[in-house]
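Visitor: Got a structure for you, written out below as structure tokens; questions coming shortly.
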Amino acid sequence: MCLGCSSSSQNKNELDVYKRQAERVTIIRDEWGIPHIYGKTDADAVFGLMYAQCEESFERVERNYIEKLGRLSEIEGENYLLQDLEMQMLYDTAAAIEDYKKSPQWLRVLLQAFSNGIQFYLHKHPDIKPALLTKFEPWYPLLFTDGAYIATQTGGLQSADMKALFGQDITNHRNNIQHQTTAVGSNGFAIAPSRTADKSTLLYINPHVSFYFRTEVHMISEEGLNAYGAVTWGQFFVFQGFNEHCGWMHTSSAVDASDLYEEKIVKKDGDVFYEYDGSQRPATKKSVKLFYTKDGQRKHKLVTTYATLHGPIVGVRNSKWLSLKANNRSLNGLMQSWQRTKAKNLEEFTKVLQMRSNPSTNTIYADNKGNIAYWHGNFIPVRDSSIDPGFPLDGTTSKTEWKNIFSVNDLIHVINPPQGFIQNCNSTPFSVSGLNTIQKKYLPYLAPEGENFRSLYAIKLLSQEKQLTLEKLIDIGYSHYLPAFDTMLPLLINDFDALATDNPKYSELKEAIDSLRSWNKNSSVNSSTSTIAIFWAYSILSQNISIPNEIVNDQVKAISWMVRNTSSFNRLQALSDIINQLQKVYNTWKIPWGDLNRFQRTSGSLQPKFEKNGQDFPVGLASAALGSLPSYETVWHQGKQYGVAGNSFVAAVSFGSKIRAKSISTGGKSFSPSSKHFTDQVQRFIDGKLKDVYFYKEDVTKHAEKIYHPGEE
């Protein structure tokens, strides 16, 4: 069923189907370029959503599916072969196709609408040349059933493990596998009516991911769909957002939702067997053909892979083959992702959670009935209590098999805590509403996270406020305070105070120390103290200091350990080095933070491109690594650092008698530098001045910039 690859009559029939569906869809782009997609049915809204996504960035829609299909090497070259192999082992297209065949009818209709919307866009835009995919199959979304940054849960798999096994087939090439599990994180807050000025419930949605990783949309149908929020490119459900009844925010979870197994392999007569419960079983053998482009030619490599009952053999460690058991994609996962967007109350939302097919995130919830709730993880296997799943398990015995999946009631969770607020910043669930919120004992792998500075500071601010408003909540979320310095700076200042006044370091550092001593620990555009403090902290934290395993997942304890196990001499020398480097490069160490910390957007391409002489903007924000609630993560380019990740889509919602919400997206909605929407949100994004969300049709229409059916623009 592909335009251009079947009979002309069939093509015409398909095109007629697309046109009829397009006529049932109205897209209203508001004054910020946000698409409000109205359809007769849910499927019509999905059709319109995919069309709108492609209008904004077909490149991003296509890229996500090229990656999940394990075909990046075909456009990027052989450096990506190992990543492609991993994707093809973990995201099995044959399994996705089988799931499509057994999907309930309502889901198959949505999946076909997904395909139709993209195909109609390509038909209407023949100037758009796909990098690889000319036909988007309706089963594609069943490869990509989780909207999180990391849907691939690898149970501790390391790139070295894969190279040790497949190095003979994929040799001498850079490994591009990246599993970002920490770094930037996310924040979610839910506030009960007991703590708000107007007795509404509040929700703060603040994912920290790569800039432009998701897009802001509004989906409405006459079948009860009315969801606003952030959609991951190529997916057809709002991943983080709200409807007229409730809202949901997901933070990345470190709960152990997958396992590596050490297999005992026996090779006989060219075949591979693995030992299990005293017998030998044949490993499933599969030949994978990986295509790649080199010197303008399409080439391929054949790689032999194996699997046990646990899953694919993904690597070798300590001379033992490792298999991976995981739930990276599933039919239930996609159904859960969709159905939560239509939940009307806490009971319905909890019922959706009971599908237990979200393997990678926590959930913060708020609704218009005054309820707030938090669940730590969702899909979590039950293992024997004697097992530590943080290490590869013994694959030779059924004793290490998953016994079941934890029920939602058995997850670490809290509903309507008496404190009246919930926060999670990728931190321990035991302090979601203040220290020691949850005191019940749980298995360690249900909550491996420790505390972090963002969480502690959020607890401090939220517990102080008794009359929160939407605007106050946004101000908290955009606070510039860097609480890591509460731990780090006193040691440095004590080091200096212990110096003799005739020590050369005393006169060299006195002015800088005096500024640090009086600094309010808020990063700001005009503060040169922010510059030396932040660069000094980076210097301390980048040292190769071994952190004890028992505190490695606790940012507060780990940073305290690092700074305390840096000698007094080295702490002072690090500051001296920063001052001297700034003096050497800029002829003064008093460089305002905003002179170096910048935001720039020069192109809409997948890879950020920075220009030394291009327009850029000073930014007073800082990294989540220092406890900043609004995360701003950067890369260096020609003497400045430019933002590439952190705050991306941010929304704050008030569930009163009517929805009132504000939001912001990185830079602007458009990916065309010639569009006014390319940078129209930049200053608001930097300053935390969120724009009004137009949720009701009368407001959408009043602020409409363009109204059209797909294909009319």
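Ligands are numbered from 1 in the order shown, chains are lettered A, B, ... in the order of the structure tokens, and residues start at 1 in each chain.
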Considering only C-alpha atoms, return as a ChimeraX atom specification whatever protein or nucleic-acid residues lie within 12 Å of Glu698 (chain A), sequence-local ones (same chain, fewer than 6 positions apart) excluded.

Guide: /A:28,30,36,704

Visitor: Go ahead and dump the residues you just picked, N, CA and C atoms, as a compact mmCIF listing (two decimals), in the first residue's frame.

Guide:
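Printed below is again-v1.txt as written:
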# COMPACT_ATOMS: atom_id res chain seq x y z
N ILE A 28 -5.12 24.12 13.40
CA ILE A 28 -5.05 25.55 13.70
C ILE A 28 -3.69 25.81 14.35
N ASP A 30 -1.43 28.39 16.20
CA ASP A 30 -1.65 29.64 16.93
C ASP A 30 -0.51 30.63 16.69
N HIS A 36 -2.82 22.94 16.83
CA HIS A 36 -3.99 22.40 17.54
C HIS A 36 -4.74 21.58 16.50
N ALA A 704 -5.48 32.39 16.40
CA ALA A 704 -5.07 31.59 15.24
C ALA A 704 -4.23 32.42 14.28

Visitor: Report the residues of region 262-492 of chain A whose backbone DSSP state falls under strand (DSSP E), written as a short mmCIF file (atom, residue, chain, number, x, y, z; two decimals) with N, CA, C and O atoms, in the first residue's frame.

Guide:
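Now in states-v2.cif:
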data_model
loop_
_atom_site.label_atom_id
_atom_site.label_comp_id
_atom_site.auth_asym_id
_atom_site.auth_seq_id
_atom_site.Cartn_x
_atom_site.Cartn_y
_atom_site.Cartn_z
N GLU A 262 24.58 -14.38 32.60
CA GLU A 262 25.80 -15.07 32.18
C GLU A 262 25.42 -16.48 31.72
O GLU A 262 24.87 -17.26 32.49
N GLU A 263 25.67 -16.76 30.45
CA GLU A 263 25.31 -18.06 29.90
C GLU A 263 26.53 -18.97 29.84
O GLU A 263 27.64 -18.52 29.55
N ILE A 265 28.11 -21.54 27.71
CA ILE A 265 28.00 -21.92 26.31
C ILE A 265 28.83 -23.18 26.02
O ILE A 265 29.96 -23.32 26.49
N VAL A 266 28.23 -24.05 25.24
CA VAL A 266 28.92 -25.25 24.76
C VAL A 266 28.81 -25.28 23.24
O VAL A 266 27.71 -25.15 22.69
N LYS A 267 29.93 -25.42 22.56
CA LYS A 267 29.93 -25.49 21.09
C LYS A 267 30.22 -26.92 20.66
O LYS A 267 31.20 -27.52 21.07
N LYS A 268 29.33 -27.46 19.82
CA LYS A 268 29.48 -28.84 19.34
C LYS A 268 29.12 -28.91 17.86
O LYS A 268 28.03 -28.49 17.47
N ASP A 271 27.53 -26.07 16.16
CA ASP A 271 26.32 -25.52 16.76
C ASP A 271 26.61 -25.00 18.16
O ASP A 271 27.59 -25.40 18.81
N VAL A 272 25.75 -24.11 18.64
CA VAL A 272 25.94 -23.49 19.95
C VAL A 272 24.79 -23.92 20.87
O VAL A 272 23.61 -23.85 20.49
N PHE A 273 25.15 -24.36 22.07
CA PHE A 273 24.18 -24.76 23.07
C PHE A 273 24.45 -23.97 24.36
O PHE A 273 25.56 -23.47 24.57
N TYR A 274 23.45 -23.87 25.20
CA TYR A 274 23.65 -23.24 26.52
C TYR A 274 23.05 -24.16 27.58
O TYR A 274 22.07 -24.86 27.35
N GLU A 275 23.70 -24.15 28.74
CA GLU A 275 23.25 -25.02 29.83
C GLU A 275 22.13 -24.36 30.62
O GLU A 275 22.19 -23.16 30.92
N TYR A 276 21.13 -25.16 30.95
CA TYR A 276 19.99 -24.63 31.70
C TYR A 276 19.34 -25.77 32.48
O TYR A 276 18.90 -26.76 31.90
N SER A 279 20.55 -29.36 31.70
CA SER A 279 20.51 -29.88 30.33
C SER A 279 21.07 -28.83 29.37
O SER A 279 21.27 -27.67 29.74
N GLN A 280 21.32 -29.27 28.17
CA GLN A 280 21.82 -28.36 27.15
C GLN A 280 20.71 -28.06 26.15
O GLN A 280 20.03 -28.97 25.66
N ARG A 281 20.55 -26.77 25.86
CA ARG A 281 19.53 -26.35 24.92
C ARG A 281 20.19 -25.65 23.74
O ARG A 281 21.18 -24.92 23.91
N PRO A 282 19.67 -25.85 22.55
CA PRO A 282 20.27 -25.18 21.39
C PRO A 282 19.97 -23.68 21.41
O PRO A 282 18.82 -23.28 21.65
N THR A 284 19.28 -20.17 19.68
CA THR A 284 18.67 -19.75 18.43
C THR A 284 19.70 -18.96 17.62
O THR A 284 20.28 -17.99 18.10
N LYS A 285 19.91 -19.39 16.41
CA LYS A 285 20.91 -18.78 15.55
C LYS A 285 20.23 -17.93 14.48
O LYS A 285 19.22 -18.32 13.91
N LYS A 286 20.80 -16.76 14.24
CA LYS A 286 20.22 -15.87 13.24
C LYS A 286 21.34 -15.11 12.54
O LYS A 286 22.26 -14.61 13.18
N SER A 287 21.25 -15.01 11.25
CA SER A 287 22.21 -14.24 10.46
C SER A 287 21.61 -12.86 10.19
O SER A 287 20.52 -12.75 9.62
N VAL A 288 22.28 -11.83 10.64
CA VAL A 288 21.81 -10.45 10.48
C VAL A 288 22.63 -9.78 9.39
O VAL A 288 23.86 -9.75 9.45
N LYS A 289 21.94 -9.23 8.40
CA LYS A 289 22.62 -8.51 7.32
C LYS A 289 22.55 -7.02 7.63
O LYS A 289 21.45 -6.44 7.64
N LEU A 290 23.69 -6.42 7.89
CA LEU A 290 23.77 -5.00 8.20
C LEU A 290 24.27 -4.25 6.97
O LEU A 290 25.38 -4.49 6.48
N PHE A 291 23.45 -3.33 6.49
CA PHE A 291 23.84 -2.53 5.33
C PHE A 291 24.49 -1.23 5.79
O PHE A 291 24.14 -0.68 6.84
N TYR A 292 25.42 -0.75 5.01
CA TYR A 292 26.06 0.53 5.31
C TYR A 292 26.55 1.15 4.02
O TYR A 292 26.66 0.50 2.97
N THR A 293 26.81 2.44 4.10
CA THR A 293 27.30 3.18 2.94
C THR A 293 28.76 3.52 3.13
O THR A 293 29.17 3.99 4.20
N LYS A 294 29.56 3.27 2.10
CA LYS A 294 30.97 3.59 2.14
C LYS A 294 31.42 3.99 0.73
O LYS A 294 31.15 3.26 -0.24
N GLN A 297 28.95 3.81 -1.99
CA GLN A 297 28.43 2.50 -2.36
C GLN A 297 27.69 1.87 -1.18
O GLN A 297 28.07 2.03 -0.03
N ARG A 298 26.60 1.13 -1.50
CA ARG A 298 25.87 0.40 -0.47
C ARG A 298 26.50 -0.97 -0.31
O ARG A 298 26.59 -1.75 -1.26
N LYS A 299 26.97 -1.25 0.89
CA LYS A 299 27.63 -2.51 1.17
C LYS A 299 26.93 -3.18 2.36
O LYS A 299 26.02 -2.61 2.96
N HIS A 300 27.38 -4.38 2.69
CA HIS A 300 26.77 -5.04 3.83
C HIS A 300 27.77 -5.97 4.51
O HIS A 300 28.77 -6.38 3.92
N LYS A 301 27.46 -6.28 5.75
CA LYS A 301 28.20 -7.26 6.53
C LYS A 301 27.19 -8.26 7.09
O LYS A 301 26.08 -7.89 7.48
N LEU A 302 27.58 -9.51 7.12
CA LEU A 302 26.76 -10.53 7.74
C LEU A 302 27.29 -10.82 9.13
O LEU A 302 28.49 -11.08 9.31
N VAL A 303 26.41 -10.77 10.11
CA VAL A 303 26.79 -11.03 11.50
C VAL A 303 25.91 -12.14 12.03
O VAL A 303 24.68 -12.09 11.90
N THR A 304 26.52 -13.15 12.60
CA THR A 304 25.77 -14.25 13.20
C THR A 304 25.45 -13.91 14.65
O THR A 304 26.35 -13.57 15.44
N THR A 305 24.19 -13.97 15.00
CA THR A 305 23.77 -13.70 16.38
C THR A 305 23.09 -14.93 16.95
O THR A 305 22.62 -15.81 16.23
N TYR A 306 23.06 -14.96 18.29
CA TYR A 306 22.43 -16.08 19.00
C TYR A 306 21.52 -15.54 20.09
O TYR A 306 21.65 -14.38 20.52
N ALA A 307 20.62 -16.38 20.52
CA ALA A 307 19.72 -16.02 21.61
C ALA A 307 19.43 -17.24 22.45
O ALA A 307 19.43 -18.37 21.96
N THR A 308 19.19 -17.00 23.74
CA THR A 308 18.75 -18.05 24.66
C THR A 308 17.31 -17.76 25.04
O THR A 308 16.70 -16.81 24.54
N GLY A 311 16.91 -14.08 26.02
CA GLY A 311 16.94 -13.01 25.03
C GLY A 311 18.20 -13.09 24.20
O GLY A 311 18.95 -14.08 24.26
N PRO A 312 18.49 -12.05 23.42
CA PRO A 312 19.65 -12.08 22.54
C PRO A 312 20.97 -12.09 23.31
O PRO A 312 21.08 -11.49 24.38
N ILE A 313 21.96 -12.79 22.75
CA ILE A 313 23.33 -12.72 23.28
C ILE A 313 23.90 -11.39 22.80
O ILE A 313 24.05 -11.15 21.60
N VAL A 314 24.22 -10.51 23.74
CA VAL A 314 24.58 -9.14 23.38
C VAL A 314 26.05 -8.80 23.64
O VAL A 314 26.52 -7.74 23.25
N GLY A 315 26.79 -9.69 24.31
CA GLY A 315 28.17 -9.36 24.59
C GLY A 315 28.90 -10.44 25.34
O GLY A 315 28.34 -11.51 25.65
N VAL A 316 30.16 -10.18 25.63
CA VAL A 316 31.02 -11.07 26.40
C VAL A 316 31.69 -10.26 27.50
O VAL A 316 32.18 -9.15 27.26
N ARG A 317 31.70 -10.83 28.70
CA ARG A 317 32.41 -10.20 29.82
C ARG A 317 33.01 -11.32 30.66
O ARG A 317 32.33 -12.30 30.96
N LYS A 320 32.51 -14.83 29.48
CA LYS A 320 31.19 -15.43 29.51
C LYS A 320 30.24 -14.64 28.61
O LYS A 320 30.20 -13.41 28.66
N TRP A 321 29.48 -15.38 27.81
CA TRP A 321 28.49 -14.73 26.96
C TRP A 321 27.36 -14.17 27.83
O TRP A 321 26.91 -14.80 28.79
N LEU A 322 26.88 -12.98 27.42
CA LEU A 322 25.82 -12.30 28.16
C LEU A 322 24.57 -12.21 27.29
O LEU A 322 24.61 -11.74 26.15
N SER A 323 23.45 -12.66 27.85
CA SER A 323 22.17 -12.46 27.18
C SER A 323 21.40 -11.37 27.92
O SER A 323 21.67 -11.09 29.10
N LEU A 324 20.46 -10.75 27.24
CA LEU A 324 19.71 -9.64 27.82
C LEU A 324 18.22 -9.95 27.81
O LEU A 324 17.64 -10.26 26.75
N LYS A 325 17.62 -9.86 28.97
CA LYS A 325 16.17 -9.99 29.09
C LYS A 325 15.60 -8.61 29.40
O LYS A 325 15.98 -7.98 30.39
N THR A 361 10.42 4.91 33.08
CA THR A 361 10.17 6.20 33.73
C THR A 361 9.29 6.08 34.96
O THR A 361 8.55 5.12 35.15
N ASN A 362 9.38 7.12 35.80
CA ASN A 362 8.48 7.32 36.92
C ASN A 362 7.33 8.22 36.47
O ASN A 362 7.41 8.85 35.41
N THR A 363 6.29 8.32 37.28
CA THR A 363 5.11 9.10 36.89
C THR A 363 4.67 10.01 38.03
O THR A 363 4.46 9.55 39.15
N ILE A 364 4.52 11.31 37.71
CA ILE A 364 3.91 12.28 38.62
C ILE A 364 2.55 12.64 38.04
O ILE A 364 2.42 12.89 36.84
N TYR A 365 1.54 12.69 38.88
CA TYR A 365 0.15 12.85 38.43
C TYR A 365 -0.54 13.95 39.23
O TYR A 365 -0.29 14.13 40.43
N ALA A 366 -1.46 14.68 38.55
CA ALA A 366 -2.33 15.65 39.23
C ALA A 366 -3.64 15.71 38.47
O ALA A 366 -3.68 15.48 37.25
N ASP A 367 -4.74 16.02 39.18
CA ASP A 367 -6.03 16.11 38.47
C ASP A 367 -6.91 17.21 39.03
O ASP A 367 -6.58 17.87 40.03
N ILE A 372 -3.15 14.23 43.83
CA ILE A 372 -1.79 14.18 43.33
C ILE A 372 -1.22 12.81 43.68
O ILE A 372 -1.62 12.20 44.67
N ALA A 373 -0.31 12.31 42.84
CA ALA A 373 0.21 10.96 43.08
C ALA A 373 1.57 10.80 42.42
O ALA A 373 1.95 11.58 41.53
N TYR A 374 2.28 9.77 42.87
CA TYR A 374 3.60 9.45 42.30
C TYR A 374 3.80 7.94 42.34
O TYR A 374 3.49 7.28 43.34
N TRP A 375 4.32 7.40 41.23
CA TRP A 375 4.70 5.99 41.15
C TRP A 375 6.13 5.89 40.66
O TRP A 375 6.49 6.50 39.64
N PRO A 381 10.33 -6.31 37.11
CA PRO A 381 10.23 -7.75 37.36
C PRO A 381 10.40 -8.09 38.84
O PRO A 381 11.16 -7.44 39.57
N VAL A 382 9.70 -9.14 39.26
CA VAL A 382 9.89 -9.72 40.59
C VAL A 382 10.94 -10.81 40.48
O VAL A 382 10.81 -11.74 39.68
N LEU A 393 23.20 -12.14 36.08
CA LEU A 393 22.63 -13.27 36.81
C LEU A 393 23.11 -14.59 36.21
O LEU A 393 23.57 -14.65 35.07
N ASP A 394 22.99 -15.63 36.99
CA ASP A 394 23.36 -16.97 36.55
C ASP A 394 22.31 -17.48 35.56
O ASP A 394 21.16 -17.72 35.92
N ASN A 404 7.46 -12.72 38.31
CA ASN A 404 6.24 -12.02 37.94
C ASN A 404 6.62 -10.57 37.66
O ASN A 404 7.81 -10.24 37.60
N ILE A 405 5.63 -9.72 37.50
CA ILE A 405 5.83 -8.29 37.40
C ILE A 405 5.14 -7.65 38.60
O ILE A 405 4.01 -8.01 38.94
N HIS A 413 5.14 4.08 45.90
CA HIS A 413 4.24 5.12 45.41
C HIS A 413 3.64 5.89 46.58
O HIS A 413 3.72 5.47 47.73
N VAL A 414 3.04 7.02 46.25
CA VAL A 414 2.33 7.81 47.25
C VAL A 414 1.16 8.48 46.55
O VAL A 414 1.28 8.95 45.42
N ILE A 415 0.00 8.48 47.20
CA ILE A 415 -1.19 9.14 46.68
C ILE A 415 -1.71 10.10 47.74
O ILE A 415 -1.91 9.73 48.89
N PHE A 421 2.38 18.16 48.61
CA PHE A 421 3.17 18.35 47.40
C PHE A 421 3.95 17.09 47.09
O PHE A 421 4.23 16.26 47.96
N ILE A 422 4.31 16.95 45.82
CA ILE A 422 5.15 15.85 45.33
C ILE A 422 6.20 16.44 44.42
O ILE A 422 5.93 17.34 43.63
N GLN A 423 7.42 15.97 44.55
CA GLN A 423 8.48 16.35 43.63
C GLN A 423 9.31 15.11 43.32
O GLN A 423 9.49 14.24 44.16
N ASN A 424 9.78 15.02 42.10
CA ASN A 424 10.81 14.05 41.78
C ASN A 424 11.75 14.66 40.76
O ASN A 424 11.31 15.21 39.74
#

Visitor: Could you tell me how far CA of Lys19 (chain A) sits from CA of Phe678 (chain A), in Å to one decimal place?

Guide: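 Here the two named atoms are 29.8 Å from each other.
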
Visitor: Any idea what's packed within 10 Å of region 346-357 of chain A, counting only C-alpha atoms, ignoring anything in its chain fewer than 2 positions away? Could you give it as an NGL selection string?

Guide: :A and (145-146 or 245-248 or 327-344 or 359-360 or 363 or 365-373 or 375 or 377-380 or 405-409 or 415)

Visitor: Please provide the set of residues having any atom within 10 Å of Thr469 (chain A), restricted to only C-alpha atoms, with same-chain residues fewer than 4 positions apart removed, written as a list of chain:residue names.

Guide: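 Those residues are A:Ile191, A:Arg195, A:Thr196, A:Ala197, A:Asp198, A:Lys199, A:Ser200, A:Thr201, A:Leu202, A:Glu465, A:Leu473, A:Ile474, A:Asp475, A:Ser654.
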
Visitor: Using only N, CA, C and O atoms, please write the residues we just selected to a file, as a tab-separated table (two decimals), in the first residue's frame.

Guide:
chain	number	residue	atom	x	y	z
A	191	ILE	N	1.14	19.77	43.06
A	191	ILE	CA	0.77	20.52	44.26
A	191	ILE	C	-0.72	20.35	44.53
A	191	ILE	O	-1.56	20.60	43.66
A	195	ARG	N	-2.22	23.61	49.28
A	195	ARG	CA	-1.04	24.49	49.22
A	195	ARG	C	-1.14	25.54	48.11
A	195	ARG	O	-0.15	26.17	47.78
A	196	THR	N	-2.30	25.71	47.51
A	196	THR	CA	-2.42	26.69	46.44
A	196	THR	C	-3.36	27.82	46.85
A	196	THR	O	-4.29	27.63	47.64
A	197	ALA	N	-3.11	28.99	46.29
A	197	ALA	CA	-3.87	30.18	46.67
A	197	ALA	C	-5.33	30.08	46.27
A	197	ALA	O	-6.22	30.54	46.99
A	198	ASP	N	-5.61	29.48	45.10
A	198	ASP	CA	-6.99	29.40	44.62
A	198	ASP	C	-7.60	28.02	44.78
A	198	ASP	O	-8.66	27.73	44.24
A	199	LYS	N	-6.91	27.14	45.52
A	199	LYS	CA	-7.40	25.78	45.81
A	199	LYS	C	-7.51	24.90	44.56
A	199	LYS	O	-8.26	23.92	44.53
A	200	SER	N	-6.74	25.23	43.54
A	200	SER	CA	-6.64	24.36	42.37
A	200	SER	C	-5.47	23.40	42.58
A	200	SER	O	-4.66	23.58	43.50
A	201	THR	N	-5.38	22.39	41.75
A	201	THR	CA	-4.24	21.48	41.75
A	201	THR	C	-3.26	21.95	40.68
A	201	THR	O	-3.67	22.34	39.58
A	202	LEU	N	-1.97	21.90	40.99
A	202	LEU	CA	-0.95	22.37	40.05
A	202	LEU	C	-0.02	21.22	39.64
A	202	LEU	O	0.26	20.32	40.44
A	465	GLU	N	6.17	27.03	50.80
A	465	GLU	CA	5.06	27.76	50.17
A	465	GLU	C	3.71	27.19	50.59
A	465	GLU	O	3.44	26.01	50.41
A	473	LEU	N	4.99	28.76	41.05
A	473	LEU	CA	5.52	27.43	40.75
A	473	LEU	C	6.54	27.51	39.61
A	473	LEU	O	7.59	26.86	39.65
A	474	ILE	N	6.24	28.31	38.61
A	474	ILE	CA	7.19	28.49	37.51
A	474	ILE	C	8.48	29.14	38.02
A	474	ILE	O	9.59	28.74	37.63
A	475	ASP	N	8.34	30.12	38.90
A	475	ASP	CA	9.53	30.78	39.47
A	475	ASP	C	10.40	29.77	40.22
A	475	ASP	O	11.63	29.83	40.15
A	654	SER	N	-2.69	24.54	35.82
A	654	SER	CA	-3.59	24.69	36.96
A	654	SER	C	-4.90	24.01	36.61
A	654	SER	O	-5.56	24.34	35.62

Visitor: Compare A:Tyr228, A:Phe649, A:Phe58, A:Trp233 by their minimum atom-to-atom distance to Tyr694 (chain A), counting only C-alpha atoms, and give me the closest one.

Guide: A:Tyr228

Visitor: Ile578 (chain A): which residues within 8 Å, counting only C-alpha atoms, same-chain residues fewer than 4 positions away excluded, as a ChimeraX atom specification?

Guide: /A:532,535-536,574,582

Visitor: Which one is closest to Met249 (chain A): A:Thr232, A:Phe189, A:Leu690, A:Ala22? Count only C-alpha atoms.

Guide: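 Of A:Thr232, A:Phe189, A:Leu690, A:Ala22, the one nearest Met249 (chain A) is A:Phe189, counting only C-alpha atoms.
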
Visitor: Might you pull out every residue within 9 Å of Asn426 (chain A), with only C-alpha atoms counted and same-chain residues fewer than 6 positions away left off, and present them as a PyMOL selection string?

Guide: chain A and resi 182+185-187+251-254+362+449-452+454-455

Visitor: Those selected residues, please, written with N, CA, C and O atoms and delivered as a PDB file, in the first residue's frame.

Guide:
ATOM      1  N   THR A 182      22.089   9.473  33.086  1.00  0.00           N
ATOM      2  CA  THR A 182      22.124  10.467  34.153  1.00  0.00           C
ATOM      3  C   THR A 182      22.207  11.854  33.525  1.00  0.00           C
ATOM      4  O   THR A 182      21.323  12.296  32.839  1.00  0.00           O
ATOM      5  N   GLY A 185      18.733  14.708  33.495  1.00  0.00           N
ATOM      6  CA  GLY A 185      17.600  14.423  34.362  1.00  0.00           C
ATOM      7  C   GLY A 185      16.340  15.186  34.002  1.00  0.00           C
ATOM      8  O   GLY A 185      16.210  15.756  32.925  1.00  0.00           O
ATOM      9  N   SER A 186      15.366  15.209  34.918  1.00  0.00           N
ATOM     10  CA  SER A 186      14.094  15.910  34.717  1.00  0.00           C
ATOM     11  C   SER A 186      13.518  16.266  36.076  1.00  0.00           C
ATOM     12  O   SER A 186      13.897  15.697  37.102  1.00  0.00           O
ATOM     13  N   ASN A 187      12.560  17.212  36.076  1.00  0.00           N
ATOM     14  CA  ASN A 187      11.865  17.604  37.295  1.00  0.00           C
ATOM     15  C   ASN A 187      10.365  17.502  37.076  1.00  0.00           C
ATOM     16  O   ASN A 187       9.863  17.884  36.014  1.00  0.00           O
ATOM     17  N   THR A 251       9.628  11.216  34.825  1.00  0.00           N
ATOM     18  CA  THR A 251      11.059  11.420  35.040  1.00  0.00           C
ATOM     19  C   THR A 251      11.778  10.095  34.807  1.00  0.00           C
ATOM     20  O   THR A 251      11.218   9.026  35.054  1.00  0.00           O
ATOM     21  N   SER A 252      13.007  10.175  34.331  1.00  0.00           N
ATOM     22  CA  SER A 252      13.769   8.948  34.061  1.00  0.00           C
ATOM     23  C   SER A 252      13.965   8.157  35.345  1.00  0.00           C
ATOM     24  O   SER A 252      14.253   8.716  36.399  1.00  0.00           O
ATOM     25  N   SER A 253      13.827   6.850  35.228  1.00  0.00           N
ATOM     26  CA  SER A 253      13.921   5.970  36.391  1.00  0.00           C
ATOM     27  C   SER A 253      15.157   5.091  36.298  1.00  0.00           C
ATOM     28  O   SER A 253      15.535   4.656  35.213  1.00  0.00           O
ATOM     29  N   ALA A 254      15.756   4.812  37.427  1.00  0.00           N
ATOM     30  CA  ALA A 254      16.897   3.907  37.478  1.00  0.00           C
ATOM     31  C   ALA A 254      16.516   2.538  38.029  1.00  0.00           C
ATOM     32  O   ALA A 254      17.398   1.715  38.288  1.00  0.00           O
ATOM     33  N   ASN A 362       9.376   7.123  35.795  1.00  0.00           N
ATOM     34  CA  ASN A 362       8.479   7.322  36.922  1.00  0.00           C
ATOM     35  C   ASN A 362       7.331   8.215  36.466  1.00  0.00           C
ATOM     36  O   ASN A 362       7.409   8.854  35.412  1.00  0.00           O
ATOM     37  N   GLU A 449      18.093   4.792  43.229  1.00  0.00           N
ATOM     38  CA  GLU A 449      18.506   6.191  43.240  1.00  0.00           C
ATOM     39  C   GLU A 449      18.771   6.690  44.658  1.00  0.00           C
ATOM     40  O   GLU A 449      18.086   6.314  45.608  1.00  0.00           O
ATOM     41  N   GLY A 450      19.731   7.576  44.790  1.00  0.00           N
ATOM     42  CA  GLY A 450      19.951   8.292  46.033  1.00  0.00           C
ATOM     43  C   GLY A 450      19.356   9.684  45.926  1.00  0.00           C
ATOM     44  O   GLY A 450      18.490   9.952  45.099  1.00  0.00           O
ATOM     45  N   GLU A 451      19.850  10.572  46.749  1.00  0.00           N
ATOM     46  CA  GLU A 451      19.362  11.944  46.747  1.00  0.00           C
ATOM     47  C   GLU A 451      20.176  12.781  45.772  1.00  0.00           C
ATOM     48  O   GLU A 451      21.291  12.413  45.393  1.00  0.00           O
ATOM     49  N   ASN A 452      19.625  13.900  45.335  1.00  0.00           N
ATOM     50  CA  ASN A 452      20.423  14.862  44.584  1.00  0.00           C
ATOM     51  C   ASN A 452      20.078  16.279  45.028  1.00  0.00           C
ATOM     52  O   ASN A 452      19.102  16.508  45.753  1.00  0.00           O
ATOM     53  N   ARG A 454      19.038  18.885  43.328  1.00  0.00           N
ATOM     54  CA  ARG A 454      17.795  19.449  42.804  1.00  0.00           C
ATOM     55  C   ARG A 454      16.619  19.052  43.691  1.00  0.00           C
ATOM     56  O   ARG A 454      15.746  19.873  44.012  1.00  0.00           O
ATOM     57  N   SER A 455      16.593  17.785  44.066  1.00  0.00           N
ATOM     58  CA  SER A 455      15.503  17.292  44.901  1.00  0.00           C
ATOM     59  C   SER A 455      15.466  18.008  46.252  1.00  0.00           C
ATOM     60  O   SER A 455      14.411  18.472  46.701  1.00  0.00           O
TER      61      SER A 455
END

Visitor: Let me make sure I understand: among A:Gln419, A:Thr93, A:Asn116, A:Gln638, which one has the smallest atom-to-atom distance to Pro710 (chain A) if we use only C-alpha atoms?

Guide: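 For Pro710 (chain A), the nearest of the given residues is A:Asn116.
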
Visitor: So how far away is CA of Val255 (chain A) from CA of Pro448 (chain A), in Å?

Guide: 6.2 Å
